[in-house]
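Everything below belongs to coords-v4.tsv, which stores TSV, C-alpha atoms and all ligand atoms.
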```
chain	number	residue	atom	x	y	z
S	15	MET	CA	138.10	-150.87	-114.42
S	16	ARG	CA	135.32	-151.23	-111.86
S	17	THR	CA	131.86	-150.32	-113.08
S	18	GLN	CA	128.20	-151.07	-112.42
S	19	ALA	CA	126.16	-153.62	-114.36
S	20	ALA	CA	122.79	-155.38	-114.21
S	21	VAL	CA	123.61	-159.08	-114.01
S	22	LEU	CA	121.29	-162.06	-114.37
S	23	TRP	CA	122.38	-164.87	-112.03
S	24	GLU	CA	119.33	-167.16	-112.13
S	25	LEU	CA	116.29	-167.59	-114.37
S	26	ASN	CA	113.02	-165.98	-113.30
S	27	THR	CA	114.66	-163.79	-110.69
S	28	SER	CA	115.48	-160.14	-111.29
S	29	TRP	CA	118.44	-158.14	-112.54
S	30	SER	CA	121.11	-157.66	-109.88
S	31	VAL	CA	122.70	-154.21	-110.17
S	32	GLU	CA	126.18	-154.61	-108.78
S	33	GLU	CA	129.82	-153.65	-109.19
S	34	VAL	CA	131.71	-155.68	-111.80
S	35	GLU	CA	135.25	-155.76	-113.16
S	36	LEU	CA	135.58	-154.83	-116.84
S	37	ASP	CA	138.82	-155.60	-118.69
S	38	ASP	CA	140.58	-153.24	-121.10
S	39	PRO	CA	139.90	-153.74	-124.81
S	40	VAL	CA	142.14	-156.29	-126.53
S	41	GLU	CA	143.01	-156.48	-130.24
S	42	GLY	CA	140.05	-155.35	-132.35
S	43	GLU	CA	137.98	-154.06	-129.42
S	44	VAL	CA	136.83	-150.68	-128.16
S	45	LEU	CA	135.74	-149.32	-124.79
S	46	VAL	CA	132.50	-147.36	-125.12
S	47	LYS	CA	130.99	-145.04	-122.50
S	48	LEU	CA	127.27	-145.48	-122.99
S	49	ALA	CA	124.73	-142.68	-122.85
S	50	ALA	CA	121.67	-144.92	-122.85
S	51	SER	CA	120.37	-148.46	-123.15
S	52	GLY	CA	116.94	-149.48	-124.38
S	53	LEU	CA	114.91	-152.08	-122.50
S	54	CYS	CA	114.07	-154.63	-125.19
S	55	HIS	CA	111.89	-157.68	-124.66
S	56	SER	CA	114.73	-160.02	-125.63
S	57	ASP	CA	116.44	-159.39	-122.28
S	58	GLU	CA	113.19	-160.50	-120.68
S	59	HIS	CA	113.42	-163.66	-122.85
S	60	LEU	CA	116.82	-164.22	-121.26
S	61	LEU	CA	115.35	-163.84	-117.79
S	62	THR	CA	112.49	-166.27	-118.44
S	63	GLY	CA	114.73	-168.83	-120.15
S	64	ASP	CA	112.94	-168.50	-123.52
S	65	ILE	CA	116.42	-167.75	-124.85
S	66	PRO	CA	118.67	-170.35	-123.15
S	67	ALA	CA	122.00	-168.83	-122.18
S	68	PRO	CA	124.83	-169.52	-119.75
S	69	LEU	CA	124.64	-167.36	-116.62
S	70	PRO	CA	125.78	-165.06	-115.16
S	71	MET	CA	125.13	-162.62	-117.96
S	72	VAL	CA	125.13	-158.84	-118.16
S	73	GLY	CA	121.93	-157.90	-119.98
S	74	GLY	CA	121.19	-155.22	-122.53
S	75	HIS	CA	121.79	-155.05	-126.26
S	76	GLU	CA	120.43	-151.67	-127.37
S	77	GLY	CA	123.02	-149.00	-126.64
S	78	ALA	CA	124.78	-145.92	-127.96
S	79	GLY	CA	127.69	-143.91	-126.63
S	80	ILE	CA	131.15	-142.50	-127.26
S	81	VAL	CA	134.35	-144.45	-127.85
S	82	GLU	CA	136.63	-143.88	-124.87
S	83	ALA	CA	139.55	-146.17	-125.75
S	84	VAL	CA	140.58	-148.40	-128.64
S	85	GLY	CA	142.56	-151.63	-128.47
S	86	PRO	CA	145.41	-152.55	-130.82
S	87	GLY	CA	144.58	-153.03	-134.50
S	88	VAL	CA	141.30	-151.11	-134.45
S	89	ASN	CA	141.06	-149.16	-137.67
S	90	SER	CA	137.36	-148.37	-138.14
S	91	LEU	CA	136.92	-146.29	-134.97
S	92	SER	CA	138.76	-143.61	-132.98
S	93	VAL	CA	138.47	-142.16	-129.49
S	94	GLY	CA	135.59	-139.66	-129.41
S	95	ASP	CA	133.55	-141.33	-132.15
S	96	HIS	CA	129.82	-141.56	-131.50
S	97	VAL	CA	128.59	-145.11	-132.05
S	98	VAL	CA	125.45	-147.21	-132.02
S	99	LEU	CA	126.01	-150.81	-130.94
S	100	ALA	CA	124.48	-153.39	-133.26
S	101	PHE	CA	123.02	-156.43	-131.53
S	102	ILE	CA	124.55	-158.64	-134.23
S	103	PRO	CA	128.13	-157.82	-135.21
S	104	ALA	CA	129.03	-157.34	-138.88
S	105	CYS	CA	132.55	-158.50	-139.73
S	106	GLY	CA	132.17	-157.51	-143.40
S	107	ARG	CA	134.08	-160.58	-144.60
S	108	CYS	CA	132.02	-163.73	-143.94
S	109	PRO	CA	129.77	-165.14	-146.70
S	110	SER	CA	126.66	-163.52	-145.17
S	111	CYS	CA	128.21	-160.06	-144.76
S	112	SER	CA	129.81	-160.11	-148.17
S	113	SER	CA	126.56	-161.07	-149.85
S	114	GLY	CA	124.58	-158.24	-148.26
S	115	HIS	CA	123.19	-160.07	-145.23
S	116	GLN	CA	125.05	-158.54	-142.31
S	117	ASN	CA	122.18	-159.56	-140.03
S	118	LEU	CA	123.37	-163.14	-140.51
S	119	CYS	CA	127.09	-162.43	-139.85
S	120	ASP	CA	129.02	-165.51	-138.74
S	121	LEU	CA	130.24	-163.58	-135.68
S	122	GLY	CA	126.66	-163.79	-134.43
S	123	ALA	CA	127.27	-167.41	-133.43
S	124	ASN	CA	128.10	-166.34	-129.86
S	125	LEU	CA	125.29	-163.80	-129.57
S	126	VAL	CA	123.47	-165.71	-126.88
S	127	THR	CA	126.46	-167.07	-124.97
S	128	GLY	CA	127.87	-163.54	-124.74
S	129	ILE	CA	131.44	-164.81	-125.03
S	130	PRO	CA	133.61	-162.21	-126.80
S	131	VAL	CA	134.38	-162.99	-130.44
S	132	SER	CA	137.85	-161.44	-130.12
S	133	ASN	CA	139.47	-164.20	-128.04
S	134	GLY	CA	136.75	-166.26	-126.36
S	135	ILE	CA	137.55	-164.93	-122.87
S	136	HIS	CA	134.99	-163.08	-120.73
S	137	ARG	CA	135.71	-159.36	-120.42
S	138	ILE	CA	133.45	-158.98	-117.39
S	139	ARG	CA	133.78	-160.55	-113.95
S	140	ALA	CA	130.91	-160.44	-111.50
S	141	LYS	CA	131.66	-161.58	-107.94
S	142	GLY	CA	134.95	-162.86	-109.38
S	143	GLN	CA	133.19	-165.07	-111.92
S	144	GLY	CA	133.34	-164.65	-115.73
S	145	ALA	CA	130.09	-163.16	-117.00
S	146	GLY	CA	128.77	-163.04	-120.56
S	147	ALA	CA	127.66	-159.85	-122.30
S	148	PHE	CA	124.27	-160.39	-123.94
S	149	CYS	CA	124.47	-160.10	-127.72
S	150	LEU	CA	128.23	-159.50	-127.23
S	151	LEU	CA	127.30	-156.07	-125.80
S	152	GLY	CA	125.88	-156.10	-122.25
S	153	THR	CA	124.53	-152.55	-122.39
S	154	PHE	CA	123.03	-152.62	-118.88
S	155	SER	CA	126.26	-151.00	-117.78
S	156	PRO	CA	127.67	-147.49	-118.30
S	157	TYR	CA	130.78	-148.98	-119.91
S	158	VAL	CA	131.11	-151.81	-122.43
S	159	VAL	CA	134.06	-153.42	-124.18
S	160	VAL	CA	132.95	-154.67	-127.60
S	161	ASN	CA	134.48	-155.83	-130.85
S	162	GLU	CA	134.64	-153.09	-133.48
S	163	ALA	CA	132.37	-155.32	-135.59
S	164	SER	CA	129.57	-154.51	-133.11
S	165	ALA	CA	129.93	-150.71	-133.23
S	166	VAL	CA	128.71	-148.45	-136.04
S	167	LYS	CA	129.92	-144.85	-136.22
S	168	ILE	CA	127.17	-142.23	-136.43
S	169	ASP	CA	127.06	-138.45	-136.81
S	170	ASP	CA	127.76	-136.43	-133.66
S	171	ASP	CA	124.55	-134.38	-133.86
S	172	ILE	CA	122.21	-137.34	-133.24
S	173	PRO	CA	121.07	-137.54	-129.59
S	174	LEU	CA	122.56	-140.74	-128.21
S	175	ASP	CA	119.51	-141.75	-126.15
S	176	LYS	CA	117.45	-141.85	-129.36
S	177	ALA	CA	120.26	-143.46	-131.36
S	178	ALA	CA	120.44	-146.33	-128.84
S	179	LEU	CA	117.05	-147.62	-130.00
S	180	VAL	CA	118.37	-148.09	-133.52
S	181	GLY	CA	120.72	-150.81	-132.22
S	182	CYS	CA	117.81	-153.26	-132.04
S	183	GLY	CA	114.12	-152.29	-131.93
S	184	VAL	CA	113.97	-149.58	-134.58
S	185	THR	CA	116.06	-151.35	-137.20
S	186	THR	CA	114.38	-154.69	-136.47
S	187	GLY	CA	110.89	-153.23	-136.91
S	188	TYR	CA	111.72	-150.99	-139.88
S	189	GLY	CA	113.58	-153.78	-141.66
S	190	SER	CA	110.80	-156.30	-140.98
S	191	ALA	CA	108.51	-154.12	-143.10
S	192	VAL	CA	110.96	-152.76	-145.68
S	193	TYR	CA	113.14	-155.84	-146.27
S	194	ALA	CA	111.54	-158.96	-144.83
S	195	ALA	CA	107.94	-158.17	-145.79
S	196	GLU	CA	109.00	-156.09	-148.84
S	197	VAL	CA	106.07	-153.75	-148.31
S	198	ALA	CA	105.20	-152.03	-151.59
S	199	PRO	CA	103.30	-148.80	-152.37
S	200	GLY	CA	99.57	-149.32	-151.93
S	201	ASP	CA	99.90	-152.40	-149.71
S	202	THR	CA	97.60	-153.25	-146.86
S	203	VAL	CA	99.80	-154.29	-143.94
S	204	VAL	CA	98.87	-155.75	-140.56
S	205	VAL	CA	101.29	-155.38	-137.66
S	206	VAL	CA	100.55	-157.82	-134.83
S	207	GLY	CA	101.97	-156.51	-131.54
S	208	CYS	CA	102.70	-152.81	-131.07
S	209	GLY	CA	105.69	-152.45	-128.74
S	210	GLY	CA	109.11	-151.06	-129.55
S	211	VAL	CA	109.54	-153.32	-132.59
S	212	GLY	CA	105.96	-153.22	-133.87
S	213	MET	CA	105.82	-149.41	-133.87
S	214	ASN	CA	108.85	-149.41	-136.14
S	215	ALA	CA	107.34	-152.02	-138.42
S	216	ILE	CA	104.47	-149.52	-138.74
S	217	GLN	CA	106.95	-146.71	-139.53
S	218	GLY	CA	108.76	-148.91	-142.05
S	219	ALA	CA	105.49	-149.86	-143.73
S	220	ARG	CA	104.49	-146.17	-143.93
S	221	LEU	CA	107.86	-145.20	-145.43
S	222	ALA	CA	107.58	-148.05	-147.96
S	223	GLY	CA	104.27	-146.62	-149.16
S	224	ALA	CA	101.63	-148.83	-147.50
S	225	GLU	CA	98.12	-147.53	-148.07
S	226	ARG	CA	96.53	-149.13	-145.00
S	227	ILE	CA	98.34	-150.17	-141.84
S	228	VAL	CA	96.34	-152.08	-139.27
S	229	ALA	CA	97.83	-152.15	-135.76
S	230	VAL	CA	96.79	-155.11	-133.62
S	231	ASP	CA	97.33	-154.99	-129.86
S	232	PRO	CA	95.15	-155.74	-126.81
S	233	VAL	CA	96.46	-152.64	-124.97
S	234	ALA	CA	94.41	-149.50	-125.79
S	235	PHE	CA	97.39	-147.18	-125.10
S	236	LYS	CA	99.47	-149.03	-127.70
S	237	ARG	CA	96.69	-148.92	-130.29
S	238	GLU	CA	96.40	-145.16	-129.73
S	239	GLN	CA	100.17	-144.68	-130.01
S	240	ALA	CA	100.25	-146.75	-133.20
S	241	SER	CA	98.45	-143.95	-135.04
S	242	VAL	CA	101.30	-141.57	-134.10
S	243	PHE	CA	103.70	-143.82	-136.04
S	244	GLY	CA	101.45	-144.23	-139.07
S	245	ALA	CA	98.81	-146.88	-138.39
S	246	THR	CA	95.60	-146.05	-140.22
S	247	HIS	CA	93.39	-148.55	-138.35
S	248	SER	CA	93.59	-150.71	-135.25
S	249	ALA	CA	92.10	-153.83	-133.72
S	250	PRO	CA	92.41	-155.40	-130.26
S	251	ASP	CA	92.90	-158.99	-131.48
S	252	LEU	CA	93.35	-161.13	-134.60
S	253	GLY	CA	89.64	-161.94	-134.89
S	254	ALA	CA	88.71	-158.26	-134.96
S	255	ALA	CA	91.62	-157.62	-137.35
S	256	TYR	CA	90.26	-160.20	-139.78
S	257	ALA	CA	86.80	-158.58	-139.83
S	258	LEU	CA	88.37	-155.13	-140.32
S	259	VAL	CA	90.82	-156.15	-143.06
S	260	ASN	CA	88.13	-158.12	-144.86
S	261	GLN	CA	85.87	-155.08	-144.91
S	262	LEU	CA	88.66	-152.58	-145.81
S	263	THR	CA	89.91	-154.64	-148.75
S	264	TRP	CA	86.55	-155.85	-150.09
S	265	GLY	CA	87.51	-159.39	-149.17
S	266	ARG	CA	90.94	-159.42	-150.82
S	267	LEU	CA	92.65	-159.34	-147.40
S	268	ALA	CA	96.09	-157.94	-146.50
S	269	ASP	CA	99.22	-158.07	-148.63
S	270	LYS	CA	101.59	-158.45	-145.69
S	271	ALA	CA	101.38	-159.21	-141.97
S	272	ILE	CA	104.24	-158.84	-139.50
S	273	ILE	CA	104.28	-160.58	-136.12
S	274	THR	CA	106.03	-158.41	-133.53
S	275	THR	CA	104.36	-159.60	-130.33
S	276	SER	CA	106.40	-159.67	-127.13
S	277	VAL	CA	106.65	-163.48	-127.43
S	278	ALA	CA	105.95	-165.54	-130.56
S	279	SER	CA	103.85	-168.68	-130.26
S	280	GLY	CA	102.66	-171.35	-132.65
S	281	ASP	CA	99.01	-170.47	-132.21
S	282	LEU	CA	99.55	-167.01	-133.75
S	283	ILE	CA	100.59	-168.41	-137.12
S	284	ALA	CA	97.32	-169.79	-138.53
S	285	PRO	CA	95.14	-166.75	-137.69
S	286	THR	CA	97.82	-164.39	-139.01
S	287	MET	CA	98.19	-166.42	-142.23
S	288	SER	CA	94.42	-166.15	-142.66
S	289	LEU	CA	94.71	-162.31	-142.69
S	290	ILE	CA	96.72	-162.29	-145.91
S	291	SER	CA	95.63	-162.60	-149.50
S	292	LYS	CA	96.72	-164.90	-152.30
S	293	GLY	CA	100.44	-164.31	-152.84
S	294	GLY	CA	100.69	-162.52	-149.48
S	295	ARG	CA	103.44	-162.82	-146.89
S	296	VAL	CA	103.64	-163.23	-143.11
S	297	VAL	CA	106.88	-162.24	-141.41
S	298	VAL	CA	107.72	-163.63	-137.97
S	299	THR	CA	110.01	-161.20	-136.16
S	300	ALA	CA	108.95	-161.97	-132.57
S	301	VAL	CA	111.11	-164.51	-130.72
S	302	ALA	CA	109.47	-167.72	-129.47
S	303	PRO	CA	110.68	-169.82	-126.53
S	304	PHE	CA	113.52	-172.11	-127.62
S	305	LEU	CA	111.48	-175.30	-127.14
S	306	GLN	CA	108.37	-174.06	-128.95
S	307	SER	CA	107.93	-176.18	-132.07
S	308	ASP	CA	104.17	-176.72	-132.51
S	309	VAL	CA	102.52	-174.70	-135.26
S	310	GLN	CA	99.07	-175.03	-136.79
S	311	LEU	CA	99.18	-174.12	-140.46
S	312	SER	CA	96.91	-174.82	-143.40
S	313	LEU	CA	99.34	-176.41	-145.86
S	314	PHE	CA	96.50	-176.49	-148.38
S	315	GLU	CA	96.24	-172.67	-148.31
S	316	LEU	CA	100.02	-172.28	-148.21
S	317	THR	CA	100.27	-173.97	-151.59
S	318	LEU	CA	97.03	-173.13	-153.34
S	319	PHE	CA	97.07	-169.47	-152.30
S	320	GLN	CA	100.85	-169.30	-152.72
S	321	LYS	CA	101.32	-167.74	-149.30
S	322	ASP	CA	104.74	-167.00	-147.88
S	323	LEU	CA	105.82	-167.45	-144.24
S	324	ARG	CA	109.20	-165.96	-143.44
S	325	GLY	CA	111.32	-165.53	-140.30
S	326	SER	CA	113.45	-162.46	-139.86
S	327	ILE	CA	116.27	-161.47	-137.52
S	328	PHE	CA	117.35	-157.82	-137.13
S	329	GLY	CA	114.67	-156.98	-139.71
S	330	SER	CA	116.84	-158.66	-142.37
S	331	ALA	CA	118.72	-155.34	-142.38
S	332	ASN	CA	122.40	-154.52	-142.83
S	333	PRO	CA	123.33	-152.64	-139.65
S	334	ARG	CA	126.25	-150.73	-141.20
S	335	TYR	CA	124.07	-149.53	-144.06
S	336	ASP	CA	120.68	-149.22	-142.40
S	337	MET	CA	121.45	-147.71	-139.00
S	338	PRO	CA	123.00	-144.47	-140.33
S	339	ARG	CA	120.28	-144.34	-142.99
S	340	ILE	CA	117.53	-144.65	-140.37
S	341	LEU	CA	119.18	-141.88	-138.36
S	342	ASP	CA	119.17	-139.69	-141.50
S	343	LEU	CA	115.43	-140.30	-141.80
S	344	TYR	CA	115.09	-139.26	-138.15
S	345	ARG	CA	117.06	-136.05	-138.74
S	346	GLU	CA	114.83	-135.23	-141.71
S	347	GLY	CA	111.71	-135.73	-139.58
S	348	LYS	CA	110.57	-138.75	-141.59
S	349	LEU	CA	111.01	-141.40	-138.88
S	350	LYS	CA	110.08	-140.84	-135.24
S	351	LEU	CA	112.41	-141.82	-132.41
S	352	ASP	CA	111.57	-139.36	-129.61
S	353	GLU	CA	107.99	-140.63	-129.41
S	354	LEU	CA	109.16	-144.23	-128.88
S	355	ILE	CA	110.56	-143.44	-125.44
S	356	THR	CA	107.74	-143.68	-122.92
S	357	ARG	CA	109.76	-143.60	-119.69
S	358	THR	CA	113.40	-143.31	-118.65
S	359	TYR	CA	115.13	-145.03	-115.73
S	360	SER	CA	118.44	-145.12	-113.92
S	361	LEU	CA	120.38	-148.39	-114.09
S	362	ALA	CA	119.28	-149.09	-110.50
S	363	GLU	CA	115.65	-148.93	-111.73
S	364	VAL	CA	116.07	-151.60	-114.43
S	365	ASN	CA	113.66	-154.04	-112.75
S	366	GLN	CA	111.00	-151.31	-112.50
S	367	GLY	CA	111.51	-150.72	-116.23
S	368	TYR	CA	110.81	-154.39	-116.96
S	369	GLN	CA	107.79	-154.41	-114.66
S	370	ASP	CA	106.41	-151.43	-116.59
S	371	MET	CA	107.01	-153.36	-119.83
S	372	ARG	CA	105.15	-156.41	-118.48
S	373	ASP	CA	102.30	-154.12	-117.41
S	374	GLY	CA	101.99	-152.81	-120.99
S	375	LYS	CA	102.90	-149.24	-119.92
S	376	ASN	CA	105.88	-148.67	-122.22
S	377	ILE	CA	106.51	-148.55	-125.94
S	378	ARG	CA	110.21	-148.35	-124.99
S	379	GLY	CA	111.72	-147.81	-121.60
S	380	VAL	CA	115.27	-146.43	-121.70
S	381	ILE	CA	118.05	-146.44	-119.10
S	382	LEU	CA	119.94	-143.14	-119.07
S	383	PHE	CA	123.48	-143.21	-117.76
S	384	GLU	CA	125.25	-140.17	-116.27
W	401	LIG	C1	117.20	-161.02	-130.17
W	401	LIG	C2	116.96	-162.12	-131.07
W	401	LIG	C3	117.35	-163.42	-130.47
W	401	LIG	C4	118.72	-163.40	-129.91
W	401	LIG	C5	118.94	-162.26	-129.00
W	401	LIG	C6	118.54	-160.96	-129.56
W	401	LIG	N1	116.91	-159.87	-130.88
W	401	LIG	C7	116.72	-158.67	-130.37
W	401	LIG	O1	115.94	-158.31	-129.56
W	402	ZN	ZN	116.25	-156.37	-128.85
```

Can I see the file as structure tokens?
Ligand code: CXF
Ligand code: ZN
Amino acid sequence: MRTQAAVLWELNTSWSVEEVELDDPVEGEVLVKLAASGLCHSDEHLLTGDIPAPLPMVGGHEGAGIVEAVGPGVNSLSVGDHVVLAFIPACGRCPSCSSGHQNLCDLGANLVTGIPVSNGIHRIRAKGQGAGAFCLLGTFSPYVVVNEASAVKIDDDIPLDKAALVGCGVTTGYGSAVYAAEVAPGDTVVVVGCGGVGMNAIQGARLAGAERIVAVDPVAFKREQASVFGATHSAPDLGAAYALVNQLTWGRLADKAIITTSVASGDLIAPTMSLISKGGRVVVTAVAPFLQSDVQLSLFELTLFQKDLRGSIFGSANPRYDMPRILDLYREGKLKLDELITRTYSLAEVNQGYQDMRDGKNIRGVILFE
């Protein structure tokens, strides 16, 4: 079929919204008509080259919609099913999936190349050339063909524009607090960076029983919004956060800190490690540029204060278990999704959406399809 898509042709340019050719689903794949796609910072990482990937690539990895056709051999989904697309597929059979770590599924190996796991052949052609689908999804298009491992069935009553956010930002943030940081009742938690992922780390920390949640962000609008999601305090930078946490905890410092800035960098590690107490943990969820390898870290404190520094992808969550569970929390009014969406755009406005993100105007921008 012919459809529209936002394609990246060259680094540090902009998304080109153009007509592309999309193939029918093959064995194990489904065609999904999307209702919405979130604008996550990782697509910006693709544009800047922080995440090195072969181009052209159709962007977008945070989508939800309705299954319109199924290929041969698909047995987990039917036409008409409402689905959220997970930015890492979960095959259910590899060592990671079968040991409860679907976020590390072996099918994720081609996440960044965007080459379909089903048969290694591009499903999309742009200007006659094979194009990848970012995170094996490519949700900057009203139609996607994805492996059934990337699609999770959800209840029909959940609004799809809200559900889309659970495909990356919500689950990543929530899981960073609940699973990666293992926030416990009574904890003091610092969340560094309050965009679409950070706000959900705040929600996850609140649901896990944190007593104090300190939101750190230089943008006043984001610090204000953080209180809507459960932050109890805020600070504009790590220096101010240290003074605040020190005073709030009578010098014991925080139990957990979660880095969810738009871009991770080595110079964030030492000041964030200094926010946590003996036996505390720092989780790095933000993505750093591929070539970034310099980190300042007090190894003395790491050992003597038994501190823990941990990376996390997809919030260390299991998409097939956690995404429907998060949507249940939303339905029960215990986790906010509506408030995450600051502005909506048409596909043609995708570059405006990213400019608004760069300008710090959005918690989440969302593309709505027809
Ligand atoms: C990213 C993580 C790095 C690979 C692409 C997707 N996560 C989501 O935003
Ligand atoms: Zn994302």

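With all atoms listed in the file taken into account, the protein and nucleic acid residues at most 8 Å from region 297-303 of chain S (excluding it and anything under 6 positions from it in its own chain) are Ser56, His59, Gly63, Asp64, Ile65, Thr186, Ser190, Ala194, Ala195, Lys270, Ala271, Ile272, Ile273, Thr274, Thr275, Ser276, Val277, Ala278, Ser279, Leu323, Arg324, Gly325, Ser326, Ile327 and Gly329 of chain S.
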
- request: Could you report the residues within 10 Å of ligand ZN 402 (chain W), using only C-alpha atoms and all ligand atoms, as a ChimeraX atom specification?
  value: /S:52-59,74-76,100-101,149,179-186,210-211,300-301,328

How would the residues just picked look written out with C-alpha atoms as a JSON list (two decimals), in the frame of the given file?
```
[["chain", "number", "residue", "atom", "x", "y", "z"],
["S", 52, "GLY", "CA", 116.94, -149.48, -124.38],
["S", 53, "LEU", "CA", 114.91, -152.08, -122.50],
["S", 54, "CYS", "CA", 114.07, -154.63, -125.19],
["S", 55, "HIS", "CA", 111.89, -157.68, -124.66],
["S", 56, "SER", "CA", 114.73, -160.02, -125.63],
["S", 57, "ASP", "CA", 116.44, -159.39, -122.28],
["S", 58, "GLU", "CA", 113.19, -160.50, -120.68],
["S", 59, "HIS", "CA", 113.42, -163.66, -122.85],
["S", 74, "GLY", "CA", 121.19, -155.22, -122.53],
["S", 75, "HIS", "CA", 121.79, -155.05, -126.26],
["S", 76, "GLU", "CA", 120.43, -151.67, -127.37],
["S", 100, "ALA", "CA", 124.48, -153.39, -133.26],
["S", 101, "PHE", "CA", 123.02, -156.43, -131.53],
["S", 149, "CYS", "CA", 124.47, -160.10, -127.72],
["S", 179, "LEU", "CA", 117.05, -147.62, -130.00],
["S", 180, "VAL", "CA", 118.37, -148.09, -133.52],
["S", 181, "GLY", "CA", 120.72, -150.81, -132.22],
["S", 182, "CYS", "CA", 117.81, -153.26, -132.04],
["S", 183, "GLY", "CA", 114.12, -152.29, -131.93],
["S", 184, "VAL", "CA", 113.97, -149.58, -134.58],
["S", 185, "THR", "CA", 116.06, -151.35, -137.20],
["S", 186, "THR", "CA", 114.38, -154.69, -136.47],
["S", 210, "GLY", "CA", 109.11, -151.06, -129.55],
["S", 211, "VAL", "CA", 109.54, -153.32, -132.59],
["S", 300, "ALA", "CA", 108.95, -161.97, -132.57],
["S", 301, "VAL", "CA", 111.11, -164.51, -130.72],
["S", 328, "PHE", "CA", 117.35, -157.82, -137.13]]
```

- prompt: So what do you get for CA of Ala147 (chain S) versus CA of Glu363 (chain S), distance-wise?
  reply: 19.4 Å

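For the choices S:Gly142, S:Gly367, S:Gly280, S:Gly73, the atom-to-atom distance to ligand LIG 401 (chain W) is smallest for S:Gly73 when using only C-alpha atoms and all ligand atoms.
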
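With only C-alpha atoms as the atoms that count, the residue of S:Asp322, S:Glu315, S:Glu33, S:Asp251 with the shortest distance to Val230 (chain S) is S:Asp251.
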
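Reported to one decimal place, the separation of CA of Gly85 (chain S) from CA of Gly134 (chain S) is 15.9 Å.
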
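Nearest-residue note for ligand LIG 401 (chain W): choosing from S:Asn161, S:Ser291, S:Asn124, S:Thr202, the minimum distance belongs to S:Asn124, counting only C-alpha atoms and all ligand atoms.
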
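Closest approach to ligand LIG 401 (chain W) from the set S:Ser28, S:Gln320, S:Ser312, S:Ser330 is made by S:Ser330, with distances taken over only C-alpha atoms and all ligand atoms.
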
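Using all atoms listed in the file, the nearest neighbour of Met371 (chain S) within the list S:Ala234, S:Gly209, S:Tyr344, S:Tyr335 is S:Gly209.
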
- request: Identify which of the residues S:Leu121, S:Ile377, S:Leu349, S:Leu25 lies closest to Gln217 (chain S), counting all atoms listed in the file when measuring atom-to-atom distances.
  value: S:Leu349

- request: For Gly77 (chain S), please output as number ranges by chain all residues within 10 Å (counting only C-alpha atoms; exclusion window: fewer than 2 positions along the same chain).
  value: S: 46-53, 74-75, 79, 97-101, 151-156, 158, 165, 174-182, 380-381

field: Radius query 8 Å about (111.3, -146.9, -142.7), atoms used: only C-alpha atoms, as a PyMOL selection string
entry: chain S and resi 188-189+191-192+214-215+217-222+340+343+349

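As for CA of Asn376 (chain S) and CA of Leu351 (chain S), they are spaced 13.9 Å apart.
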
Could I get region 37-48 of chain S from the block written out with N, CA and C atoms, as an mmCIF file, in the first residue's frame?
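Below is the file part-v7.cif, written as the result:
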```
data_model
loop_
_atom_site.group_PDB
_atom_site.id
_atom_site.type_symbol
_atom_site.label_atom_id
_atom_site.label_comp_id
_atom_site.auth_asym_id
_atom_site.auth_seq_id
_atom_site.Cartn_x
_atom_site.Cartn_y
_atom_site.Cartn_z
ATOM 1 N N ASP S 37 4.881 -2.753 2.433
ATOM 2 C CA ASP S 37 4.512 -4.106 1.991
ATOM 3 C C ASP S 37 3.465 -4.731 2.910
ATOM 4 N N ASP S 38 2.801 -5.766 2.405
ATOM 5 C CA ASP S 38 1.851 -6.532 3.219
ATOM 6 C C ASP S 38 2.607 -7.321 4.276
ATOM 7 N N PRO S 39 1.939 -7.646 5.388
ATOM 8 C CA PRO S 39 2.609 -8.462 6.407
ATOM 9 C C PRO S 39 2.948 -9.847 5.881
ATOM 10 N N VAL S 40 4.159 -10.322 6.231
ATOM 11 C CA VAL S 40 4.543 -11.696 5.904
ATOM 12 C C VAL S 40 4.311 -12.555 7.147
ATOM 13 N N GLU S 41 4.756 -13.779 7.099
ATOM 14 C CA GLU S 41 4.619 -14.738 8.209
ATOM 15 C C GLU S 41 4.983 -14.086 9.550
ATOM 16 N N GLY S 42 4.062 -14.145 10.489
ATOM 17 C CA GLY S 42 4.347 -13.644 11.840
ATOM 18 C C GLY S 42 4.151 -12.148 12.024
ATOM 19 N N GLU S 43 3.683 -11.458 10.986
ATOM 20 C CA GLU S 43 3.545 -9.995 11.076
ATOM 21 C C GLU S 43 2.083 -9.546 11.029
ATOM 22 N N VAL S 44 1.881 -8.325 11.485
ATOM 23 C CA VAL S 44 0.543 -7.722 11.424
ATOM 24 C C VAL S 44 0.636 -6.315 10.841
ATOM 25 N N LEU S 45 -0.452 -5.908 10.190
ATOM 26 C CA LEU S 45 -0.585 -4.519 9.734
ATOM 27 C C LEU S 45 -1.429 -3.795 10.775
ATOM 28 N N VAL S 46 -0.912 -2.689 11.285
ATOM 29 C CA VAL S 46 -1.638 -1.934 12.316
ATOM 30 C C VAL S 46 -1.925 -0.534 11.798
ATOM 31 N N LYS S 47 -3.189 -0.110 11.946
ATOM 32 C CA LYS S 47 -3.561 1.281 11.638
ATOM 33 C C LYS S 47 -3.412 2.062 12.938
ATOM 34 N N LEU S 48 -2.483 2.979 12.946
ATOM 35 C CA LEU S 48 -2.169 3.687 14.193
ATOM 36 C C LEU S 48 -3.137 4.833 14.454
#
```
